[in-house]
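Remarks on the structure that follows.
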Amino acid sequence: MENSEAMALTAALLAAAGDLTKRINDGVVARGFEVRPAHGFAFVRLAPDGATVTDLASHLGVTKQAASQLVDDLVRKGYAERRPHPGDARARLVVLTELGWACTRAAEEAALEAVRPWVELLGEGEVRVLCDCLRRIAPYGPIRPTW
């Protein structure tokens, strides 16, 4: 692979990721949720069992202070709540509320809408192959914003 081909590939992947993030967030907002893309990336870590602020900071690649501010915003908007941590009396567990889970379901619906044009363009089989290839390349993420 030539340098220019590698750059074209990376540009295409980043453009696709950015476009998906925007389309999903726009779809969630259109469904009545007041969120930013960073909230969605946090929801990925908070579902299904919650996380500490430290876990969330690591997942998002930010400081504990930044993660704490994001959690404050999620709590204030009703998407998450802090609970005592079942395994550590000093820690608090941040979990999604019913509103947070509803927002997550809205994101799933928006994701389906976002990839529908890909299916129309490439066909369902090719999109499945693309998904399988990407999972082999990056099986463990991280799924985080590029600040």
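Within each chain, counting starts at residue 1; across the structure tokens, chains are named A, B, ... in the order shown, with ligands numbered 1 upward in that order.
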Using backbone DSSP assignments, extract all strand (DSSP E or B) residues from chain A; output them as a PyMOL selection string.
chain A and resi 51+80-85+88-96
Write the residues you've just listed into a file as a PDB file, in the first residue's frame, and include N, CA and C atoms for each of them.
ATOM      1  N   ALA A  51     -20.541   2.528  36.010  1.00  0.00           N
ATOM      2  CA  ALA A  51     -19.096   2.688  36.099  1.00  0.00           C
ATOM      3  C   ALA A  51     -18.790   3.778  37.111  1.00  0.00           C
ATOM      4  N   ALA A  80     -28.542   9.942  34.198  1.00  0.00           N
ATOM      5  CA  ALA A  80     -27.759   9.047  35.046  1.00  0.00           C
ATOM      6  C   ALA A  80     -27.962   9.447  36.504  1.00  0.00           C
ATOM      7  N   GLU A  81     -27.581   8.528  37.387  1.00  0.00           N
ATOM      8  CA  GLU A  81     -27.605   8.823  38.820  1.00  0.00           C
ATOM      9  C   GLU A  81     -26.417   8.152  39.474  1.00  0.00           C
ATOM     10  N   ARG A  82     -26.020   8.711  40.590  1.00  0.00           N
ATOM     11  CA  ARG A  82     -24.930   8.135  41.381  1.00  0.00           C
ATOM     12  C   ARG A  82     -25.538   7.247  42.462  1.00  0.00           C
ATOM     13  N   ARG A  83     -24.939   6.085  42.651  1.00  0.00           N
ATOM     14  CA  ARG A  83     -25.371   5.140  43.682  1.00  0.00           C
ATOM     15  C   ARG A  83     -24.153   4.662  44.454  1.00  0.00           C
ATOM     16  N   PRO A  84     -24.366   4.157  45.654  1.00  0.00           N
ATOM     17  CA  PRO A  84     -23.235   3.547  46.364  1.00  0.00           C
ATOM     18  C   PRO A  84     -22.669   2.389  45.540  1.00  0.00           C
ATOM     19  N   HIS A  85     -21.369   2.262  45.519  1.00  0.00           N
ATOM     20  CA  HIS A  85     -20.723   1.166  44.788  1.00  0.00           C
ATOM     21  C   HIS A  85     -20.865  -0.101  45.616  1.00  0.00           C
ATOM     22  N   ASP A  88     -17.190  -1.244  46.781  1.00  0.00           N
ATOM     23  CA  ASP A  88     -16.215  -0.299  47.306  1.00  0.00           C
ATOM     24  C   ASP A  88     -16.956   0.836  48.006  1.00  0.00           C
ATOM     25  N   ALA A  89     -16.919   0.831  49.323  1.00  0.00           N
ATOM     26  CA  ALA A  89     -17.674   1.816  50.101  1.00  0.00           C
ATOM     27  C   ALA A  89     -17.210   3.245  49.844  1.00  0.00           C
ATOM     28  N   ARG A  90     -15.989   3.425  49.338  1.00  0.00           N
ATOM     29  CA  ARG A  90     -15.478   4.771  49.078  1.00  0.00           C
ATOM     30  C   ARG A  90     -15.907   5.309  47.718  1.00  0.00           C
ATOM     31  N   ALA A  91     -16.340   4.446  46.843  1.00  0.00           N
ATOM     32  CA  ALA A  91     -16.643   4.844  45.463  1.00  0.00           C
ATOM     33  C   ALA A  91     -18.148   4.976  45.235  1.00  0.00           C
ATOM     34  N   ARG A  92     -18.479   5.724  44.196  1.00  0.00           N
ATOM     35  CA  ARG A  92     -19.872   5.854  43.757  1.00  0.00           C
ATOM     36  C   ARG A  92     -19.966   5.254  42.358  1.00  0.00           C
ATOM     37  N   LEU A  93     -21.064   4.580  42.110  1.00  0.00           N
ATOM     38  CA  LEU A  93     -21.315   3.977  40.814  1.00  0.00           C
ATOM     39  C   LEU A  93     -22.277   4.891  40.055  1.00  0.00           C
ATOM     40  N   VAL A  94     -21.948   5.209  38.827  1.00  0.00           N
ATOM     41  CA  VAL A  94     -22.810   6.022  37.972  1.00  0.00           C
ATOM     42  C   VAL A  94     -23.561   5.061  37.062  1.00  0.00           C
ATOM     43  N   VAL A  95     -24.896   5.115  37.114  1.00  0.00           N
ATOM     44  CA  VAL A  95     -25.729   4.208  36.320  1.00  0.00           C
ATOM     45  C   VAL A  95     -26.740   5.020  35.517  1.00  0.00           C
ATOM     46  N   LEU A  96     -27.171   4.444  34.419  1.00  0.00           N
ATOM     47  CA  LEU A  96     -28.192   5.088  33.605  1.00  0.00           C
ATOM     48  C   LEU A  96     -29.546   4.998  34.295  1.00  0.00           C
TER      49      LEU A  96
END
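Minimum atom-to-atom distances from A:Ala17, A:Val28, A:Pro145, A:Ala6 to Thr104 of chain A were compared using only C-alpha atoms, and the lowest value belongs to A:Val28.
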So, with only C-alpha atoms as the atoms that count, which of A:Pro86, A:Thr54, A:Asp19, A:Leu70 lies closest to Pro117 of chain A?
A:Asp19
Contacts of Leu74 of chain A at 10 Å (only C-alpha atoms; same-chain gap of 3+ positions) as a short mmCIF file (atom, residue, chain, number, x, y, z; two decimals) with N, CA, C and O atoms, in the first residue's frame:
data_model
loop_
_atom_site.label_atom_id
_atom_site.label_comp_id
_atom_site.auth_asym_id
_atom_site.auth_seq_id
_atom_site.Cartn_x
_atom_site.Cartn_y
_atom_site.Cartn_z
N GLU A 34 -31.79 15.80 24.95
CA GLU A 34 -30.83 16.90 24.98
C GLU A 34 -29.45 16.33 25.29
O GLU A 34 -29.05 16.22 26.45
N VAL A 35 -28.74 15.93 24.24
CA VAL A 35 -27.44 15.30 24.41
C VAL A 35 -26.43 15.84 23.42
O VAL A 35 -26.79 16.46 22.42
N HIS A 39 -21.91 12.54 25.41
CA HIS A 39 -22.83 11.80 26.26
C HIS A 39 -22.99 10.37 25.75
O HIS A 39 -22.99 9.41 26.52
N ALA A 42 -20.15 8.25 26.62
CA ALA A 42 -20.21 7.89 28.04
C ALA A 42 -21.24 6.78 28.26
O ALA A 42 -21.00 5.85 29.05
N PHE A 43 -22.37 6.86 27.57
CA PHE A 43 -23.41 5.84 27.73
C PHE A 43 -22.88 4.46 27.38
O PHE A 43 -23.27 3.47 27.99
N SER A 68 -16.03 13.83 35.73
CA SER A 68 -16.95 14.22 36.80
C SER A 68 -17.90 15.32 36.33
O SER A 68 -19.09 15.29 36.64
N GLN A 69 -17.39 16.28 35.57
CA GLN A 69 -18.24 17.34 35.02
C GLN A 69 -19.27 16.76 34.06
O GLN A 69 -20.44 17.17 34.06
N LEU A 70 -18.85 15.80 33.24
CA LEU A 70 -19.78 15.15 32.32
C LEU A 70 -20.86 14.40 33.09
O LEU A 70 -22.05 14.48 32.75
N VAL A 71 -20.46 13.69 34.14
CA VAL A 71 -21.43 12.97 34.98
C VAL A 71 -22.39 13.96 35.64
O VAL A 71 -23.61 13.72 35.66
N LYS A 77 -29.40 16.41 33.92
CA LYS A 77 -30.38 16.22 32.84
C LYS A 77 -31.26 14.99 33.04
O LYS A 77 -32.18 14.76 32.27
N GLY A 78 -30.95 14.19 34.06
CA GLY A 78 -31.78 13.02 34.38
C GLY A 78 -31.40 11.74 33.66
O GLY A 78 -32.13 10.75 33.75
N TYR A 79 -30.26 11.71 32.98
CA TYR A 79 -29.85 10.52 32.24
C TYR A 79 -29.11 9.49 33.09
O TYR A 79 -29.03 8.32 32.71
N ALA A 80 -28.54 9.94 34.20
CA ALA A 80 -27.76 9.05 35.05
C ALA A 80 -27.96 9.45 36.50
O ALA A 80 -28.46 10.54 36.80
N GLU A 81 -27.58 8.53 37.39
CA GLU A 81 -27.61 8.82 38.82
C GLU A 81 -26.42 8.15 39.47
O GLU A 81 -25.87 7.17 38.96
N VAL A 94 -21.95 5.21 38.83
CA VAL A 94 -22.81 6.02 37.97
C VAL A 94 -23.56 5.06 37.06
O VAL A 94 -22.95 4.26 36.35
N LEU A 96 -27.17 4.44 34.42
CA LEU A 96 -28.19 5.09 33.60
C LEU A 96 -29.55 5.00 34.30
O LEU A 96 -29.87 3.99 34.91
N THR A 97 -30.34 6.05 34.16
CA THR A 97 -31.72 6.06 34.64
C THR A 97 -32.61 5.53 33.51
O THR A 97 -32.13 5.22 32.41
N GLY A 100 -32.02 7.64 30.64
CA GLY A 100 -30.76 7.27 29.99
C GLY A 100 -30.91 6.05 29.10
O GLY A 100 -30.37 6.00 27.99
#
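Neighbours of Ala57 of chain A closer than or equal to 10 Å, with only C-alpha atoms counted and sequence neighbours fewer than 2 positions away skipped, come out as A:Ala42, A:Arg45, A:Ala51, A:Thr52, A:Val53, A:Thr54, A:Asp55, A:His59, A:Leu60, A:Gly61, A:Val62, A:Thr63, A:Lys64, A:Gln65, A:Ala66, A:Ala67, A:Ser68, A:Leu70.
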